[in-house]
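Read the structure below first, then the notes.
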Amino acid sequence: MSLIHIENLQKHFRILNRHPGLGGAMRDLFSNDFRSVRAVDGISFDIEPGEIVGYIGPNGAGKSTTIKMMTGILKPTAGKILVNGRPPYENRIRQAQIMGVVFGQRTQLWWDLPVIESFKILKEIYRVDEKTFDAHMSLFNDLVGLSALYSQQARTLSLGQRMLCDITASFLHNPQVVFLDEPTIGLDISIKAKIRSVIKELNQMRQTTIILTTHDLGDVEALCQRIIIIDKGKILYDGGIKKVNALFGAYRTLKLQIDNFGPTTLQTLQDGLAAKFGPENGVTVAETEDLWTDVTIDQARTPLADVLSFVMSSFPVADVRIVEISMEKVVRKVYDGALG
Amino acid sequence: MRGYLALLRGSITIGLVYRVGFLFTIFGNILYMAVAFFLWQSIYQNTSTIHGLTFNETFIYVALGSTIFVLLKTYADWQIAHEIEDGTISIYLTKPVDYQLYALCLSLGSTLTNLAAITVPVLLMMVLVFRVNFPLGPGLLLFPVSLFMAFLISYFFDYATGLTAFYTESIWGIGTTKDILVSILAGALVPLQFFPDAIQKVLLLLPFQAVYYTPLMMITRPNQDWGTLLGMLGIQAFWTGVLFVATRLFYNQAIKVLRVAGG
C-alpha cells in the first residue's frame, strides 16, 4: 500500500476582490465581491514508503496548499487524500504522531529557549522514550554537530543552524513521513550542501519518506529520484528525475551587460549567433528589464564556452554572469513540451 | 499529559530568561501600591467606612486587585492572535497537541512566574511595609482554589479574544475593549460594592466578577460563613466549566475559517 494516496484532490479559496485606495478599502469592509481561486485543481499521485519526492513549481503553484492538506491543516474542497490509509484532517492529533513538518519560513524551536530545551519539549509531546531520545540526539550530533548549539537560544542561531536544528527536530519521533517546505530558502551554498546531505542520510538510515518542496533545483538534483512539477494547481510532470535533470542541467543562462546597447543590438547578437552556430543552435536571446541581455544556452547543442568567447570577442561586454535555469523557465519549457 | 507539562515547564523557563523585565514589573507594582495607599488614605480621611468597606479592606482589595490583574495578564490573547496572523499556528496544528490546552499551558507558565515574582513580593510588602492587617477566616483556605479558577476564566476570555483573529486578522480593537470591560465589570478598578445595587446584582451573576471579585473577597472577607464562600466558589466553577466548553466550540468553528478558507 502506498503511504500517501491522492486522488483528484482540489482546494478552492474564496478571495475578496480588494479595491485600491482609501475609498476602495472602505467599500471592501462591506463588499461581497469574492472570486474563487483553484489553488489545487484535481491532482492525483501516490507516494511509496522510503521515497524522496521533489514537489516543485513556481510561486503560487499550489505546493504549500497541497502540503497543508497532507499534514491535515487544510481540509480539501473535493477529492481524496489518505496518509497511511487515513484522511489527515480527521483525527489530526493521531495523524500528527506519524509525521514531521518543517516550514522553511517558520521555526518549531522555542525562540527564547536554549535549543536543547526545544528538543526536550518535543520529546515529551511526541512521547519519545529516554533511550530512543538519547540515541537520536547522538545521531544528530554526528550528523550536524548539534551538541555545540545545545545551550544557545534559538534566536541567536544563524538561519542555517536553525534550519539544521529544525530538520533534525522533525525526525526526533521517527515519523513515517517528513514534509520539508522550502528548507533551503535564503541559505548560502555551503550550508545548503550540508542540509542536503543531512536529509539524505536521515532518509537512508530511517527509510523515512520525504516530501520536499523547493525553489532550488539544486535541492532536487541532489536529493530526489522522483519529481512532481505543479503549476496553477495542476500536475505538469510526475516521474523520474533523469529526464528533467537533463533539462535543468543542460541549460545555463549567460547574463550580459553590453555597452552602448542600442535598438538593433539584440538583433545583431541573434544574427551573429545564428551565423556562427547554425540556425538550430539551442541558443535564445532575450532582453530583461534591468538592462541585462539573457542568452539561454542548451549545452547539449552548443557549448557555453564557445558562446561566451564569441560574444566577448564581438561585442563590448561590460559585465557577465552565468546563472542556472530558473524554476519559472523549467515550467515554461515543460509547457512547451520539453519532456515530451 | 507529559507533553503539556513539558510545555508548562518551557513557558516558566522563558519567564526566567528575561530577568530584567521581571525586576521592573515588581518595581512598577510596588510603585502602584504606594500610590493607591496614599490615594485611598486621603479618601478615607474623614470617614471610617465607604459602602461598608473600611480603609484596610479597600486598600487590600485595590492593592491585591492590581496584583492579580498583573498576575493574570499573560497576553495569551495577543500571542494567539499573533500566531494566527503570521501563520505560526500551522506548526502547532501539525503536532499531536490540543491547541486550547497548548495555549493554556503557556499562559499558566507565565502566571506561575508572575506569582513567584510579583504576587509574593507584593504580599510581603503589604505585611512588612504597609502594616496591613489581613483578616483571618476560612476564605483564606479557599483563596488558592479561587485564584486558580480566576486564572482559568481569565485565560478563556483571552483565548476567545485571540481566536477572533481568525475572522478579523487583527484583534487590536477587540483586545483592548475586552481588557477594559473585564477590569471594570470584574471589579479590578473599584470594588463591586461601589456600584449601584441593581447593577451589582447583575454583575455578580456574570463570569467577569469570578476573575477578580471572588478571589479578592476570599482574602478581604474571609470570615463569612462556609455557605456563602462555597456559593461564590460554585459560581466560579460553573463559569469555568461553561467557558471551557464554549471556547472549545468556538475554536472548532473558528478553525474552519483556516481549514476551509485557507491560511
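By order of appearance in the C-alpha cells: chains A, B, ..., then residues from 1 within every chain, and ligands from 1 in the order shown.
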Wanna dump the chain B-chain A contacts at 10 Å for me, each residue with its shortest atom pair and the distance in Å to one decimal, counting only C-alpha atoms, ordered by chain and number, as a Markdown table?
| residue | atom | partner | partner_atom | distance |
| --- | --- | --- | --- | --- |
| B:Met1 | CA | A:Ile125 | CA | 8.5 |
| B:Arg2 | CA | A:Glu124 | CA | 5.7 |
| B:Gly3 | CA | A:Ile125 | CA | 3.9 |
| B:Tyr4 | CA | A:Ile125 | CA | 7.1 |
| B:Leu5 | CA | A:Glu124 | CA | 8.3 |
| B:Ala6 | CA | A:Ile121 | CA | 5.3 |
| B:Leu7 | CA | A:Ile121 | CA | 6.3 |
| B:Leu8 | CA | A:Ile121 | CA | 9.5 |
| B:Arg9 | CA | A:Ile121 | CA | 8.6 |
| B:Gly10 | CA | A:Glu117 | CA | 7.3 |
| B:Ser11 | CA | A:Leu113 | CA | 9.2 |
| B:Thr13 | CA | A:Leu113 | CA | 7.5 |
| B:Ile14 | CA | A:Asp112 | CA | 6.2 |
| B:Gly15 | CA | A:Asp112 | CA | 9.3 |
| B:Val17 | CA | A:Asp112 | CA | 7.5 |
| B:Tyr18 | CA | A:Asp112 | CA | 9.1 |
| B:Asp86 | CA | A:Arg106 | CA | 9.4 |
| B:Gly87 | CA | A:Arg106 | CA | 8.6 |
| B:Thr88 | CA | A:Arg106 | CA | 6.8 |
| B:Ile89 | CA | A:Ile73 | CA | 9.6 |
| B:Ser90 | CA | A:Ile73 | CA | 6.8 |
| B:Ile91 | CA | A:Gln108 | CA | 6.4 |
| B:Tyr92 | CA | A:Gln108 | CA | 8.3 |
| B:Leu93 | CA | A:Ile73 | CA | 6.3 |
| B:Thr94 | CA | A:Ala96 | CA | 5.4 |
| B:Lys95 | CA | A:Ala96 | CA | 5.2 |
| B:Pro96 | CA | A:Ile93 | CA | 4.3 |
| B:Val97 | CA | A:Ile93 | CA | 6.4 |
| B:Asp98 | CA | A:Ile93 | CA | 7.6 |
| B:Ile255 | CA | A:Ile73 | CA | 9.4 |
| B:Lys256 | CA | A:Lys75 | CA | 8.6 |
| B:Val257 | CA | A:Leu74 | CA | 9.7 |
| B:Leu258 | CA | A:Leu74 | CA | 7.1 |
| B:Arg259 | CA | A:Leu74 | CA | 4.1 |
| B:Val260 | CA | A:Lys75 | CA | 5.7 |
| B:Ala261 | CA | A:Phe13 | CA | 5.5 |
| B:Gly262 | CA | A:Phe13 | CA | 6.4 |
| B:Gly263 | CA | A:Leu74 | CA | 8.1 |
As a CSV table (one decimal) with N, CA and C atoms, in the first residue's frame, please: every residue in segment 103-252 of chain B that a backbone DSSP assignment puts in helix (DSSP H, G or I).
chain,number,residue,atom,x,y,z
B,103,ALA,N,-2.1,26.3,24.5
B,103,ALA,CA,-2.1,27.8,24.8
B,103,ALA,C,-2.3,28.0,26.3
B,104,LEU,N,-3.1,27.1,26.9
B,104,LEU,CA,-3.4,27.2,28.4
B,104,LEU,C,-2.1,26.9,29.2
B,105,CYS,N,-1.3,25.9,28.7
B,105,CYS,CA,0.0,25.7,29.4
B,105,CYS,C,0.9,26.8,29.4
B,106,LEU,N,1.0,27.5,28.2
B,106,LEU,CA,1.9,28.6,28.1
B,106,LEU,C,1.4,29.7,29.0
B,107,SER,N,0.1,29.9,29.0
B,107,SER,CA,-0.4,31.0,29.8
B,107,SER,C,-0.2,30.7,31.3
B,108,LEU,N,-0.4,29.5,31.7
B,108,LEU,CA,-0.2,29.1,33.1
B,108,LEU,C,1.2,29.3,33.5
B,109,GLY,N,2.1,29.0,32.6
B,109,GLY,CA,3.5,29.1,32.9
B,109,GLY,C,3.9,30.6,33.2
B,110,SER,N,3.3,31.5,32.4
B,110,SER,CA,3.7,32.9,32.8
B,110,SER,C,3.0,33.4,34.0
B,111,THR,N,1.8,32.8,34.3
B,111,THR,CA,1.1,33.2,35.5
B,111,THR,C,1.9,32.7,36.7
B,112,LEU,N,2.5,31.5,36.6
B,112,LEU,CA,3.2,31.0,37.8
B,112,LEU,C,4.5,31.8,38.0
B,113,THR,N,5.1,32.2,36.9
B,113,THR,CA,6.3,33.0,37.1
B,113,THR,C,5.9,34.4,37.7
B,114,ASN,N,4.8,34.9,37.2
B,114,ASN,CA,4.3,36.2,37.8
B,114,ASN,C,4.0,36.0,39.3
B,115,LEU,N,3.5,34.8,39.6
B,115,LEU,CA,3.1,34.6,41.0
B,115,LEU,C,4.3,34.7,41.9
B,116,ALA,N,5.4,34.0,41.5
B,116,ALA,CA,6.6,34.0,42.3
B,116,ALA,C,7.3,35.3,42.3
B,117,ALA,N,7.2,36.0,41.2
B,117,ALA,CA,8.0,37.3,41.1
B,117,ALA,C,7.2,38.5,41.5
B,118,ILE,N,5.9,38.5,41.4
B,118,ILE,CA,5.2,39.7,41.7
B,118,ILE,C,4.2,39.5,42.9
B,119,THR,N,3.4,38.5,42.9
B,119,THR,CA,2.4,38.4,43.9
B,119,THR,C,3.0,38.2,45.3
B,120,VAL,N,3.9,37.3,45.3
B,120,VAL,CA,4.6,37.0,46.6
B,120,VAL,C,5.3,38.2,47.2
B,121,PRO,N,6.1,38.9,46.4
B,121,PRO,CA,6.8,40.1,47.0
B,121,PRO,C,5.8,41.2,47.4
B,122,VAL,N,4.7,41.3,46.6
B,122,VAL,CA,3.7,42.4,46.9
B,122,VAL,C,3.0,42.0,48.3
B,123,LEU,N,2.7,40.8,48.5
B,123,LEU,CA,2.1,40.4,49.7
B,123,LEU,C,3.0,40.7,50.9
B,124,LEU,N,4.3,40.3,50.7
B,124,LEU,CA,5.3,40.6,51.7
B,124,LEU,C,5.4,42.1,52.0
B,125,MET,N,5.4,42.9,51.0
B,125,MET,CA,5.4,44.4,51.1
B,125,MET,C,4.2,44.8,51.9
B,126,MET,N,3.1,44.3,51.6
B,126,MET,CA,1.9,44.8,52.3
B,126,MET,C,1.9,44.5,53.8
B,127,VAL,N,2.5,43.3,54.1
B,127,VAL,CA,2.5,43.0,55.5
B,127,VAL,C,3.7,43.7,56.2
B,128,LEU,N,4.8,43.7,55.6
B,128,LEU,CA,6.0,44.3,56.3
B,128,LEU,C,6.1,45.8,56.2
B,139,GLY,N,-12.1,31.6,54.4
B,139,GLY,CA,-11.9,32.1,53.0
B,139,GLY,C,-10.5,32.0,52.5
B,140,LEU,N,-9.5,32.2,53.5
B,140,LEU,CA,-8.1,32.2,53.1
B,140,LEU,C,-7.7,30.8,52.6
B,141,LEU,N,-8.4,29.8,53.1
B,141,LEU,CA,-8.1,28.4,52.6
B,141,LEU,C,-8.6,28.2,51.2
B,142,LEU,N,-9.7,28.9,50.9
B,142,LEU,CA,-10.3,28.7,49.6
B,142,LEU,C,-9.6,29.6,48.5
B,143,PHE,N,-8.9,30.6,49.0
B,143,PHE,CA,-8.3,31.6,48.1
B,143,PHE,C,-7.5,31.0,47.0
B,144,PRO,N,-6.5,30.0,47.3
B,144,PRO,CA,-5.8,29.4,46.2
B,144,PRO,C,-6.6,28.8,45.1
B,145,VAL,N,-7.7,28.1,45.5
B,145,VAL,CA,-8.6,27.4,44.6
B,145,VAL,C,-9.3,28.5,43.7
B,146,SER,N,-9.8,29.5,44.4
B,146,SER,CA,-10.5,30.6,43.8
B,146,SER,C,-9.6,31.3,42.8
B,147,LEU,N,-8.3,31.5,43.2
B,147,LEU,CA,-7.4,32.2,42.3
B,147,LEU,C,-7.1,31.4,41.1
B,148,PHE,N,-7.0,30.0,41.2
B,148,PHE,CA,-6.7,29.2,40.1
B,148,PHE,C,-7.9,29.2,39.1
B,149,MET,N,-9.1,29.2,39.6
B,149,MET,CA,-10.3,29.3,38.7
B,149,MET,C,-10.3,30.6,38.1
B,150,ALA,N,-10.0,31.7,38.8
B,150,ALA,CA,-9.9,33.0,38.2
B,150,ALA,C,-9.0,33.0,37.1
B,151,PHE,N,-7.8,32.4,37.2
B,151,PHE,CA,-6.9,32.3,36.1
B,151,PHE,C,-7.5,31.6,34.9
B,152,LEU,N,-8.2,30.5,35.1
B,152,LEU,CA,-8.8,29.7,34.0
B,152,LEU,C,-9.8,30.6,33.3
B,153,ILE,N,-10.7,31.3,34.1
B,153,ILE,CA,-11.7,32.1,33.4
B,153,ILE,C,-11.1,33.2,32.6
B,154,SER,N,-10.1,33.9,33.2
B,154,SER,CA,-9.4,35.0,32.5
B,154,SER,C,-8.7,34.4,31.3
B,155,TYR,N,-8.1,33.2,31.4
B,155,TYR,CA,-7.5,32.6,30.2
B,155,TYR,C,-8.5,32.4,29.1
B,156,PHE,N,-9.7,31.9,29.5
B,156,PHE,CA,-10.7,31.6,28.5
B,156,PHE,C,-11.1,32.9,27.7
B,157,PHE,N,-11.2,34.0,28.5
B,157,PHE,CA,-11.5,35.3,27.8
B,157,PHE,C,-10.4,35.6,26.8
B,158,ASP,N,-9.2,35.4,27.3
B,158,ASP,CA,-8.1,35.8,26.4
B,158,ASP,C,-8.1,34.9,25.2
B,159,TYR,N,-8.3,33.6,25.4
B,159,TYR,CA,-8.3,32.6,24.3
B,159,TYR,C,-9.3,32.9,23.3
B,160,ALA,N,-10.6,33.2,23.8
B,160,ALA,CA,-11.6,33.6,22.8
B,160,ALA,C,-11.3,34.8,22.1
B,161,THR,N,-10.7,35.8,22.8
B,161,THR,CA,-10.4,37.1,22.1
B,161,THR,C,-9.3,36.8,21.0
B,162,GLY,N,-8.3,36.0,21.4
B,162,GLY,CA,-7.3,35.7,20.4
B,162,GLY,C,-7.8,35.0,19.2
B,163,LEU,N,-8.7,34.1,19.4
B,163,LEU,CA,-9.3,33.3,18.3
B,163,LEU,C,-10.1,34.2,17.3
B,165,ALA,N,-9.1,36.5,15.9
B,165,ALA,CA,-8.1,36.9,14.8
B,165,ALA,C,-8.4,36.0,13.5
B,166,PHE,N,-9.0,34.9,13.7
B,166,PHE,CA,-9.3,34.1,12.5
B,166,PHE,C,-10.3,34.8,11.6
B,167,TYR,N,-11.1,35.6,12.2
B,167,TYR,CA,-12.1,36.3,11.4
B,167,TYR,C,-11.7,37.7,11.1
B,168,THR,N,-10.9,38.4,12.0
B,168,THR,CA,-10.7,39.8,11.8
B,168,THR,C,-9.3,40.1,11.4
B,172,TRP,N,-6.8,44.3,17.6
B,172,TRP,CA,-6.5,45.5,18.4
B,172,TRP,C,-7.7,46.0,19.1
B,173,GLY,N,-8.8,46.3,18.4
B,173,GLY,CA,-10.0,46.9,19.0
B,173,GLY,C,-10.6,45.9,20.0
B,174,ILE,N,-10.8,44.7,19.6
B,174,ILE,CA,-11.4,43.7,20.4
B,174,ILE,C,-10.6,43.4,21.7
B,175,GLY,N,-9.3,43.3,21.6
B,175,GLY,CA,-8.4,43.1,22.7
B,175,GLY,C,-8.5,44.2,23.8
B,176,THR,N,-8.4,45.4,23.3
B,176,THR,CA,-8.4,46.5,24.3
B,176,THR,C,-9.8,46.6,24.9
B,177,THR,N,-10.9,46.4,24.1
B,177,THR,CA,-12.2,46.5,24.6
B,177,THR,C,-12.4,45.4,25.7
B,178,LYS,N,-12.0,44.2,25.4
B,178,LYS,CA,-12.1,43.2,26.4
B,178,LYS,C,-11.4,43.5,27.7
B,179,ASP,N,-10.1,44.0,27.6
B,179,ASP,CA,-9.4,44.4,28.8
B,179,ASP,C,-10.1,45.4,29.7
B,180,ILE,N,-10.7,46.4,29.0
B,180,ILE,CA,-11.4,47.4,29.8
B,180,ILE,C,-12.6,46.9,30.4
B,181,LEU,N,-13.4,46.1,29.6
B,181,LEU,CA,-14.7,45.6,30.1
B,181,LEU,C,-14.4,44.7,31.3
B,182,VAL,N,-13.4,43.8,31.2
B,182,VAL,CA,-13.1,42.8,32.2
B,182,VAL,C,-12.7,43.6,33.5
B,183,SER,N,-11.8,44.6,33.3
B,183,SER,CA,-11.3,45.2,34.6
B,183,SER,C,-12.4,46.0,35.3
B,184,ILE,N,-13.4,46.6,34.5
B,184,ILE,CA,-14.5,47.3,35.2
B,184,ILE,C,-15.5,46.3,35.7
B,185,LEU,N,-16.0,45.4,34.9
B,185,LEU,CA,-17.1,44.6,35.3
B,185,LEU,C,-16.6,43.5,36.3
B,192,LEU,N,-16.7,46.0,43.7
B,192,LEU,CA,-18.1,46.0,43.1
B,192,LEU,C,-19.1,46.6,44.1
B,193,GLN,N,-18.8,46.6,45.4
B,193,GLN,CA,-19.8,47.2,46.3
B,193,GLN,C,-20.0,48.7,46.0
B,194,PHE,N,-19.1,49.3,45.3
B,194,PHE,CA,-19.2,50.7,45.0
B,194,PHE,C,-20.3,51.0,43.8
B,197,ASP,N,-26.9,49.1,43.6
B,197,ASP,CA,-27.3,47.8,44.0
B,197,ASP,C,-27.7,46.9,42.8
B,198,ALA,N,-28.6,47.5,42.0
B,198,ALA,CA,-29.2,46.7,40.9
B,198,ALA,C,-28.1,46.1,39.9
B,199,ILE,N,-27.1,47.0,39.6
B,199,ILE,CA,-26.0,46.7,38.7
B,199,ILE,C,-25.2,45.6,39.4
B,200,GLN,N,-24.9,45.8,40.7
B,200,GLN,CA,-24.1,44.9,41.4
B,200,GLN,C,-24.7,43.5,41.3
B,201,LYS,N,-26.0,43.4,41.5
B,201,LYS,CA,-26.7,42.0,41.4
B,201,LYS,C,-26.4,41.4,40.1
B,202,VAL,N,-26.6,42.2,39.0
B,202,VAL,CA,-26.3,41.6,37.7
B,202,VAL,C,-24.9,41.2,37.5
B,203,LEU,N,-24.0,42.0,38.0
B,203,LEU,CA,-22.6,41.8,37.8
B,203,LEU,C,-22.1,40.5,38.5
B,204,LEU,N,-22.8,40.3,39.7
B,204,LEU,CA,-22.4,39.1,40.5
B,204,LEU,C,-22.7,37.8,39.8
B,205,LEU,N,-23.6,37.9,38.8
B,205,LEU,CA,-24.0,36.6,38.1
B,205,LEU,C,-23.2,36.4,36.9
B,208,PHE,N,-17.5,37.8,34.7
B,208,PHE,CA,-16.3,38.7,34.9
B,208,PHE,C,-15.9,38.8,36.4
B,209,GLN,N,-16.9,38.8,37.3
B,209,GLN,CA,-16.6,39.0,38.7
B,209,GLN,C,-15.8,37.8,39.2
B,210,ALA,N,-15.9,36.7,38.6
B,210,ALA,CA,-15.2,35.5,39.0
B,210,ALA,C,-13.7,35.7,38.8
B,213,TYR,N,-13.2,39.7,41.6
B,213,TYR,CA,-14.0,39.9,42.8
B,213,TYR,C,-14.0,38.7,43.8
B,214,THR,N,-14.3,37.5,43.2
B,214,THR,CA,-14.4,36.3,44.1
B,214,THR,C,-13.1,36.0,44.8
B,215,PRO,N,-11.9,35.9,44.1
B,215,PRO,CA,-10.7,35.7,44.9
B,215,PRO,C,-10.4,36.8,45.9
B,216,LEU,N,-10.7,38.0,45.5
B,216,LEU,CA,-10.5,39.1,46.4
B,216,LEU,C,-11.4,39.1,47.7
B,217,MET,N,-12.6,38.7,47.5
B,217,MET,CA,-13.5,38.5,48.6
B,217,MET,C,-13.0,37.5,49.6
B,218,MET,N,-12.4,36.4,49.0
B,218,MET,CA,-11.8,35.3,49.8
B,218,MET,C,-10.8,35.9,50.8
B,219,ILE,N,-10.1,36.9,50.3
B,219,ILE,CA,-9.0,37.4,51.2
B,219,ILE,C,-9.4,38.6,52.0
B,220,THR,N,-10.3,39.5,51.4
B,220,THR,CA,-10.7,40.6,52.2
B,220,THR,C,-11.8,40.3,53.2
B,226,TRP,N,-19.4,29.4,55.7
B,226,TRP,CA,-18.9,28.5,54.6
B,226,TRP,C,-19.9,28.5,53.4
B,227,GLY,N,-21.2,28.6,53.7
B,227,GLY,CA,-22.2,28.5,52.7
B,227,GLY,C,-22.0,29.6,51.7
B,228,THR,N,-21.8,30.9,52.2
B,228,THR,CA,-21.6,32.0,51.3
B,228,THR,C,-20.3,31.8,50.4
B,229,LEU,N,-19.2,31.4,51.1
B,229,LEU,CA,-18.0,31.2,50.5
B,229,LEU,C,-18.0,30.1,49.4
B,230,LEU,N,-18.6,29.0,49.8
B,230,LEU,CA,-18.7,27.9,48.8
B,230,LEU,C,-19.6,28.3,47.6
B,231,GLY,N,-20.7,29.1,48.0
B,231,GLY,CA,-21.6,29.5,46.9
B,231,GLY,C,-20.8,30.3,45.9
B,232,MET,N,-19.9,31.2,46.3
B,232,MET,CA,-19.1,32.0,45.4
B,232,MET,C,-18.2,31.1,44.6
B,233,LEU,N,-17.6,30.2,45.3
B,233,LEU,CA,-16.7,29.2,44.6
B,233,LEU,C,-17.5,28.4,43.5
B,234,GLY,N,-18.8,28.1,43.9
B,234,GLY,CA,-19.6,27.3,43.0
B,234,GLY,C,-19.9,28.1,41.7
B,235,ILE,N,-20.2,29.4,41.8
B,235,ILE,CA,-20.4,30.2,40.6
B,235,ILE,C,-19.2,30.3,39.8
B,236,GLN,N,-18.0,30.4,40.4
B,236,GLN,CA,-16.8,30.4,39.7
B,236,GLN,C,-16.6,29.1,38.9
B,237,ALA,N,-16.8,28.0,39.6
B,237,ALA,CA,-16.7,26.6,39.0
B,237,ALA,C,-17.6,26.5,37.8
B,238,PHE,N,-18.9,27.0,38.0
B,238,PHE,CA,-19.8,27.0,36.9
B,238,PHE,C,-19.3,27.7,35.7
B,239,TRP,N,-18.8,28.9,35.9
B,239,TRP,CA,-18.3,29.7,34.7
B,239,TRP,C,-17.1,29.1,34.1
B,240,THR,N,-16.2,28.5,35.0
B,240,THR,CA,-15.1,27.8,34.4
B,240,THR,C,-15.5,26.7,33.5
B,241,GLY,N,-16.4,25.9,33.9
B,241,GLY,CA,-16.9,24.8,33.0
B,241,GLY,C,-17.6,25.3,31.8
B,242,VAL,N,-18.4,26.3,31.9
B,242,VAL,CA,-19.2,26.8,30.8
B,242,VAL,C,-18.2,27.4,29.7
B,243,LEU,N,-17.2,28.2,30.2
B,243,LEU,CA,-16.3,28.8,29.3
B,243,LEU,C,-15.3,27.8,28.7
B,244,PHE,N,-15.0,26.8,29.4
B,244,PHE,CA,-14.1,25.7,28.9
B,244,PHE,C,-14.8,25.1,27.6
B,245,VAL,N,-16.1,24.8,27.8
B,245,VAL,CA,-16.8,24.2,26.7
B,245,VAL,C,-17.1,25.2,25.6
B,246,ALA,N,-17.5,26.4,26.0
B,246,ALA,CA,-17.8,27.4,25.0
B,246,ALA,C,-16.6,27.8,24.1
B,247,THR,N,-15.4,27.9,24.7
B,247,THR,CA,-14.2,28.3,23.9
B,247,THR,C,-13.8,27.1,23.0
B,248,ARG,N,-14.0,25.9,23.5
B,248,ARG,CA,-13.7,24.7,22.6
B,248,ARG,C,-14.6,24.7,21.4
B,249,LEU,N,-15.9,25.0,21.6
B,249,LEU,CA,-16.8,25.0,20.5
B,249,LEU,C,-16.4,26.2,19.6
B,250,PHE,N,-16.1,27.3,20.2
B,250,PHE,CA,-15.7,28.5,19.4
B,250,PHE,C,-14.4,28.1,18.5
B,251,TYR,N,-13.5,27.4,19.1
B,251,TYR,CA,-12.3,27.0,18.4
B,251,TYR,C,-12.7,26.2,17.2
B,252,ASN,N,-13.6,25.2,17.4
B,252,ASN,CA,-14.0,24.3,16.3
B,252,ASN,C,-14.6,25.1,15.2
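With distances restricted to only C-alpha atoms, A:Asp294 is the closest residue to Leu266 of chain A from A:Glu221, A:Asp46, A:Asp41, A:Asp294.
If you look at atom CA of Gln225 of chain A and atom CA of Leu82 of chain A, they are 22.3 Å away from each other.
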Distance query segment 39-41 of chain B at most 10 Å, only C-alpha atoms, self and fewer than 2 positions along chain excluded, as a PyMOL selection string: chain B and resi 33-37+43-46+55-56+58-59+62
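Residue nearest Ile297 of chain A within the list A:Ala275, A:His5, A:Ser314, A:Tyr251: A:Tyr251 [criterion: smallest interatomic distance, only C-alpha atoms].
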Separation of atom CA of Ser64 of chain A from atom CA of Ile167 of chain A in Å: 17.3 Å
Residues of segment 25-199 of chain B in strand (DSSP E), written as a VMD selection string: chain B and resid 49 to 50 53 to 54
